[in-house]
$ cat start.pdb   # PDB, C-alpha atoms
MODEL        1
ATOM      1  CA  MET A  63     157.981  12.541 -39.074
ATOM      2  CA  ALA A  64     156.000  15.307 -37.413
ATOM      3  CA  LYS A  65     152.257  15.064 -37.173
ATOM      4  CA  ARG A  66     150.277  17.565 -39.195
ATOM      5  CA  PHE A  67     149.098  20.839 -37.684
ATOM      6  CA  GLN A  68     145.745  20.772 -35.914
ATOM      7  CA  PHE A  69     144.032  23.775 -34.395
ATOM      8  CA  ARG A  70     141.923  22.614 -31.473
ATOM      9  CA  LEU A  71     139.480  25.496 -31.853
ATOM     10  CA  GLU A  72     138.900  24.915 -35.587
ATOM     11  CA  GLN A  73     135.211  24.094 -35.063
ATOM     12  CA  VAL A  74     134.703  27.267 -33.051
ATOM     13  CA  LEU A  75     136.500  29.245 -35.767
ATOM     14  CA  ASN A  76     134.282  27.702 -38.459
ATOM     15  CA  LEU A  77     131.182  28.533 -36.415
ATOM     16  CA  ARG A  78     132.335  32.127 -36.020
ATOM     17  CA  LYS A  79     132.948  32.361 -39.770
ATOM     18  CA  GLN A  80     129.399  31.155 -40.408
ATOM     19  CA  VAL A  81     127.964  33.632 -37.893
ATOM     20  CA  GLU A  82     129.985  36.404 -39.517
ATOM     21  CA  GLU A  83     128.633  35.498 -42.967
ATOM     22  CA  ILE A  84     125.074  35.533 -41.605
ATOM     23  CA  LYS A  85     125.584  38.942 -39.994
ATOM     24  CA  ILE A  86     127.066  40.317 -43.219
ATOM     25  CA  ARG A  87     124.053  39.023 -45.168
ATOM     26  CA  GLU A  88     121.696  40.587 -42.612
ATOM     27  CA  LEU A  89     123.556  43.883 -42.998
ATOM     28  CA  ALA A  90     123.224  43.667 -46.775
ATOM     29  CA  VAL A  91     119.463  43.054 -46.469
ATOM     30  CA  ALA A  92     119.087  46.043 -44.142
ATOM     31  CA  LYS A  93     121.074  48.218 -46.561
ATOM     32  CA  LYS A  94     118.822  47.090 -49.406
ATOM     33  CA  HIS A  95     115.716  48.029 -47.408
ATOM     34  CA  LEU A  96     117.248  51.419 -46.656
ATOM     35  CA  LEU A  97     118.068  51.926 -50.331
ATOM     36  CA  ASP A  98     114.511  50.941 -51.314
ATOM     37  CA  VAL A  99     113.061  53.454 -48.838
ATOM     38  CA  GLU A 100     115.439  56.175 -50.058
ATOM     39  CA  ASN A 101     114.459  55.478 -53.668
ATOM     40  CA  ALA A 102     110.762  55.595 -52.757
ATOM     41  CA  LEU A 103     111.335  58.850 -50.862
ATOM     42  CA  ASN A 104     113.134  60.407 -53.825
ATOM     43  CA  GLU A 105     110.335  59.297 -56.142
ATOM     44  CA  HIS A 106     107.801  60.759 -53.725
ATOM     45  CA  LEU A 107     109.712  64.047 -53.522
ATOM     46  CA  GLY A 108     109.708  64.190 -57.321
ATOM     47  CA  LYS A 109     105.916  63.750 -57.377
ATOM     48  CA  GLN A 110     105.542  66.337 -54.649
ATOM     49  CA  GLU A 111     107.671  68.820 -56.586
ATOM     50  CA  GLU A 112     105.652  68.240 -59.759
ATOM     51  CA  PHE A 113     102.431  68.772 -57.811
ATOM     52  CA  LEU A 114     103.696  71.993 -56.233
ATOM     53  CA  GLU A 115     104.773  73.323 -59.629
ATOM     54  CA  ALA A 116     101.364  72.507 -61.114
ATOM     55  CA  TYR A 117      99.652  74.078 -58.096
ATOM     56  CA  GLY A 118     101.848  77.183 -58.436
ATOM     57  CA  GLU A 119     100.922  77.524 -62.100
ATOM     58  CA  LEU A 120      97.267  77.171 -61.229
ATOM     59  CA  GLU A 121      97.643  79.839 -58.524
ATOM     60  CA  LYS A 122      99.324  82.211 -60.969
ATOM     61  CA  SER A 123      96.529  81.808 -63.473
ATOM     62  CA  GLY A 124      93.926  82.480 -60.798
ATOM     63  CA  LEU A 125      91.455  80.222 -62.567
ATOM     64  CA  PHE A 126      90.410  77.764 -59.903
ATOM     65  CA  THR A 127      87.446  77.178 -57.669
ATOM     66  CA  ALA A 128      87.287  76.920 -53.906
ATOM     67  CA  GLU A 129      86.584  73.216 -54.284
ATOM     68  CA  GLN A 130      89.775  72.798 -56.323
ATOM     69  CA  VAL A 131      91.743  74.715 -53.678
ATOM     70  CA  MET A 132      90.401  72.399 -50.954
ATOM     71  CA  THR A 133      91.258  69.322 -53.015
ATOM     72  CA  TYR A 134      94.783  70.617 -53.687
ATOM     73  CA  CYS A 135      95.268  71.454 -50.003
ATOM     74  CA  GLU A 136      94.117  68.001 -48.915
ATOM     75  CA  TYR A 137      96.405  66.373 -51.470
ATOM     76  CA  LYS A 138      99.282  68.566 -50.319
ATOM     77  CA  GLU A 139      98.676  67.448 -46.708
ATOM     78  CA  LEU A 140      98.563  63.829 -47.830
ATOM     79  CA  LEU A 141     101.887  64.248 -49.628
ATOM     80  CA  SER A 142     103.397  65.836 -46.502
ATOM     81  CA  LYS A 143     102.189  62.959 -44.319
ATOM     82  CA  GLU A 144     103.597  60.428 -46.765
ATOM     83  CA  GLU A 145     106.919  62.260 -46.797
ATOM     84  CA  LYS A 146     107.044  62.155 -42.992
ATOM     85  CA  GLU A 147     106.297  58.423 -43.083
ATOM     86  CA  PHE A 148     109.062  57.848 -45.646
ATOM     87  CA  ARG A 149     111.508  59.881 -43.568
ATOM     88  CA  LYS A 150     110.574  57.936 -40.421
ATOM     89  CA  ARG A 151     111.062  54.630 -42.250
ATOM     90  CA  GLN A 152     114.366  55.949 -43.586
ATOM     91  CA  ASP A 153     115.492  56.895 -40.071
ATOM     92  CA  ASP A 154     114.378  53.503 -38.724
ATOM     93  CA  TRP A 155     116.320  51.649 -41.417
ATOM     94  CA  MET A 156     119.378  53.847 -40.883
ATOM     95  CA  VAL A 157     119.321  52.880 -37.204
ATOM     96  CA  GLU A 158     118.834  49.220 -38.148
ATOM     97  CA  VAL A 159     121.723  49.331 -40.652
ATOM     98  CA  GLU A 160     123.986  50.853 -38.011
ATOM     99  CA  ARG A 161     122.949  48.230 -35.450
ATOM    100  CA  ARG A 162     123.604  45.401 -37.886
ATOM    101  CA  ARG A 163     126.905  46.967 -38.943
ATOM    102  CA  ARG A 164     128.028  47.015 -35.299
ATOM    103  CA  GLU A 165     126.989  43.365 -34.916
ATOM    104  CA  ALA A 166     128.898  42.411 -38.075
ATOM    105  CA  VAL A 167     132.001  44.257 -36.859
ATOM    106  CA  LYS A 168     131.736  42.568 -33.446
ATOM    107  CA  VAL A 169     131.503  39.029 -34.850
ATOM    108  CA  SER A 170     134.222  39.853 -37.357
ATOM    109  CA  ARG A 171     136.547  40.865 -34.525
ATOM    110  CA  GLU A 172     135.722  37.668 -32.643
ATOM    111  CA  ARG A 173     136.503  35.608 -35.730
ATOM    112  CA  GLN A 174     139.675  37.593 -36.377
ATOM    113  CA  LEU A 175     140.796  36.935 -32.807
ATOM    114  CA  LEU A 176     140.598  33.180 -33.406
ATOM    115  CA  ASP A 177     142.227  33.541 -36.834
ATOM    116  CA  ASN A 178     145.134  35.371 -35.220
ATOM    117  CA  LEU A 179     145.401  32.710 -32.527
ATOM    118  CA  LYS A 180     145.405  29.998 -35.189
ATOM    119  CA  ASP A 181     148.127  31.823 -37.153
ATOM    120  CA  LYS A 182     150.228  32.184 -34.006
ATOM    121  CA  LYS A 183     149.824  28.491 -33.138
ATOM    122  CA  LYS A 184     150.709  27.552 -36.720
ATOM    123  CA  ARG A 185     153.870  29.689 -36.626
ATOM    124  CA  VAL A 186     154.899  28.019 -33.340
ATOM    125  CA  TYR A 187     154.164  24.593 -34.845
ATOM    126  CA  THR A 188     156.148  25.403 -37.996
ATOM    127  CA  GLN A 189     159.078  26.611 -35.897
ATOM    128  CA  GLU A 190     159.015  23.388 -33.851
ATOM    129  CA  VAL A 191     158.957  21.271 -37.029
ATOM    130  CA  GLU A 192     161.869  23.242 -38.466
ATOM    131  CA  ASN A 193     163.831  22.798 -35.215
ATOM    132  CA  GLU A 194     163.172  19.038 -35.271
ATOM    133  CA  GLU A 195     164.308  18.835 -38.897
ATOM    134  CA  ARG A 196     167.419  20.864 -38.100
ATOM    135  CA  LYS A 197     168.256  18.571 -35.161
ATOM    136  CA  PHE A 198     167.698  15.511 -37.338
ATOM    137  CA  LEU A 199     169.927  16.875 -40.104
ATOM    138  CA  ASP A 200     172.599  17.844 -37.556
ATOM    139  CA  GLU A 201     172.486  14.324 -36.143
ATOM    140  CA  VAL A 202     172.732  12.770 -39.617
ATOM    141  CA  SER A 203     175.655  15.066 -40.428
ATOM    142  CA  SER A 204     177.394  14.176 -37.167
ATOM    143  CA  ILE A 205     176.974  10.457 -37.820
ATOM    144  CA  ALA A 206     178.284  10.881 -41.370
ATOM    145  CA  PHE A 207     181.271  12.851 -40.082
ATOM    146  CA  VAL A 208     182.085  10.210 -37.458
ATOM    147  CA  ARG A 209     181.880   7.455 -40.116
ATOM    148  CA  ARG A 210     184.175   9.375 -42.464
ATOM    149  CA  GLU A 211     186.673   9.942 -39.675
ATOM    150  CA  ARG A 212     186.608   6.258 -38.748
ATOM    151  CA  ALA A 213     186.983   5.314 -42.388
ATOM    152  CA  LYS A 214     189.988   7.645 -42.713
ATOM    153  CA  LYS A 215     191.578   6.148 -39.577
ATOM    154  CA  SER A 216     190.986   2.601 -40.774
ATOM    155  CA  VAL A 217     192.495   3.403 -44.183
ATOM    156  CA  ALA A 218     195.430   5.103 -42.489
ATOM    157  CA  ILE A 219     196.013   2.049 -40.245
ATOM    158  CA  SER A 220     195.941  -0.385 -43.104
TER     159      SER A 220
ENDMDL
END

$ encode --input "start.pdb" --output "structure tokens"
Amino acid sequence: MAKRFQFRLEQVLNLRKQVEEIKIRELAVAKKHLLDVENALNEHLGKQEEFLEAYGELEKSGLFTAEQVMTYCEYKELLSKEEKEFRKRQDDWMVEVERRRREAVKVSRERQLLDNLKDKKKRVYTQEVENEERKFLDEVSSIAFVRRERAKKSVAIS
């Protein structure tokens, strides 16, 4: 009876699977941060648009003081600075997501390489087992044939 299949690099393969899972989780976390920043940016842009509409209405009416104009201008600058910060954070997270995606793809390829090697070794092993079984069955058939022939000869002699 043939011994069962063993892949000598199974521990390395398991380690690579674990590393791949970690990298995929890290990618998911980075994507979540990017999504959070994008949502915050969209919310900020909505506030900024509301402010600009209100400011435009106030400008049309012409009923505002110089102090109000200064306050609105300062607030508008603040909103612009915040938007730039959000966009910078968005860009940073996009770069981070891409970096982590490349890492995940790299470790996935390394794991896939070992998986393919394991599959190849298993196919070779299976083929060897099938050849051994075929040889065994051929031998059993040959022995049975020889016994039948001897039995026929001994019956014919008697």

$ axis_aligned_box --input "start.pdb" --around "range 73-77 of chain A" --padding-each-side "6 Å" --output "lines of an AutoDock Vina configuration file"
center_x = 133.8
center_y = 26.7
center_z = -35.8
size_x = 17.3
size_y = 17.2
size_z = 17.4

$ resolve_selection --input "start.pdb" --expression "the PyMOL selection byres ((chain A and resi 179-190) around 9)" --output "PDB file with C-alpha atoms, keeping the file's coordinate frame"
ATOM      1  CA  PHE A  67     149.098  20.839 -37.684  1.00  0.00           C
ATOM      2  CA  GLN A  68     145.745  20.772 -35.914  1.00  0.00           C
ATOM      3  CA  PHE A  69     144.032  23.775 -34.395  1.00  0.00           C
ATOM      4  CA  ARG A  70     141.923  22.614 -31.473  1.00  0.00           C
ATOM      5  CA  LEU A  71     139.480  25.496 -31.853  1.00  0.00           C
ATOM      6  CA  GLU A  72     138.900  24.915 -35.587  1.00  0.00           C
ATOM      7  CA  LEU A  75     136.500  29.245 -35.767  1.00  0.00           C
ATOM      8  CA  GLN A 174     139.675  37.593 -36.377  1.00  0.00           C
ATOM      9  CA  LEU A 175     140.796  36.935 -32.807  1.00  0.00           C
ATOM     10  CA  LEU A 176     140.598  33.180 -33.406  1.00  0.00           C
ATOM     11  CA  ASP A 177     142.227  33.541 -36.834  1.00  0.00           C
ATOM     12  CA  ASN A 178     145.134  35.371 -35.220  1.00  0.00           C
ATOM     13  CA  VAL A 191     158.957  21.271 -37.029  1.00  0.00           C
ATOM     14  CA  GLU A 192     161.869  23.242 -38.466  1.00  0.00           C
ATOM     15  CA  ASN A 193     163.831  22.798 -35.215  1.00  0.00           C
ATOM     16  CA  GLU A 194     163.172  19.038 -35.271  1.00  0.00           C
ATOM     17  CA  GLU A 195     164.308  18.835 -38.897  1.00  0.00           C
TER      18      GLU A 195
END

$ resolve_selection --input "start.pdb" --expression "the PyMOL selection byres ((chain A and resi 169) around 9)" --output "MDAnalysis selection string"
chainID A and resid 78:79 81:82 85 164:168 170:174

$ residues_around --input "start.pdb" --residues "Val99 in chain A" --least-positions-apart "5" --cutoff "10 Å" --atoms "only C-alpha atoms" --output "list in words"
Lys93, Lys94, Asn104, Glu105, Phe148, Arg149, Lys150, Arg151, Gln152, Asp153 and Trp155 of chain A

$ atom_distance --input "start.pdb" --atom1 "CA of Glu139 in chain A" --atom2 "CA of Met156 in chain A"
25.4 Å

$ closest_residue --input "start.pdb" --among "A:Glu145, A:Phe198, A:Met132, A:Glu112" --to "Glu100 in chain A" --atoms "only C-alpha atoms"
A:Glu145

$ closest_residue --input "start.pdb" --among "A:Lys122, A:His106, A:Lys214, A:Arg163" --to "Lys143 in chain A" --atoms "all atoms listed in the file"
A:His106

$ closest_residue --input "start.pdb" --among "A:Glu147, A:Gln73, A:Tyr117, A:Gly108" --to "Val131 in chain A" --atoms "only C-alpha atoms"
A:Tyr117

$ closest_residue --input "start.pdb" --among "A:Leu140, A:Gly124, A:Arg162, A:Cys135" --to "Arg87 in chain A" --atoms "all atoms listed in the file"
A:Arg162

$ atom_distance --input "start.pdb" --atom1 "CA of Ala116 in chain A" --atom2 "CA of Tyr134 in chain A"
10.1 Å

$ atom_distance --input "start.pdb" --atom1 "CA of Ala102 in chain A" --atom2 "CA of Lys138 in chain A"
17.5 Å
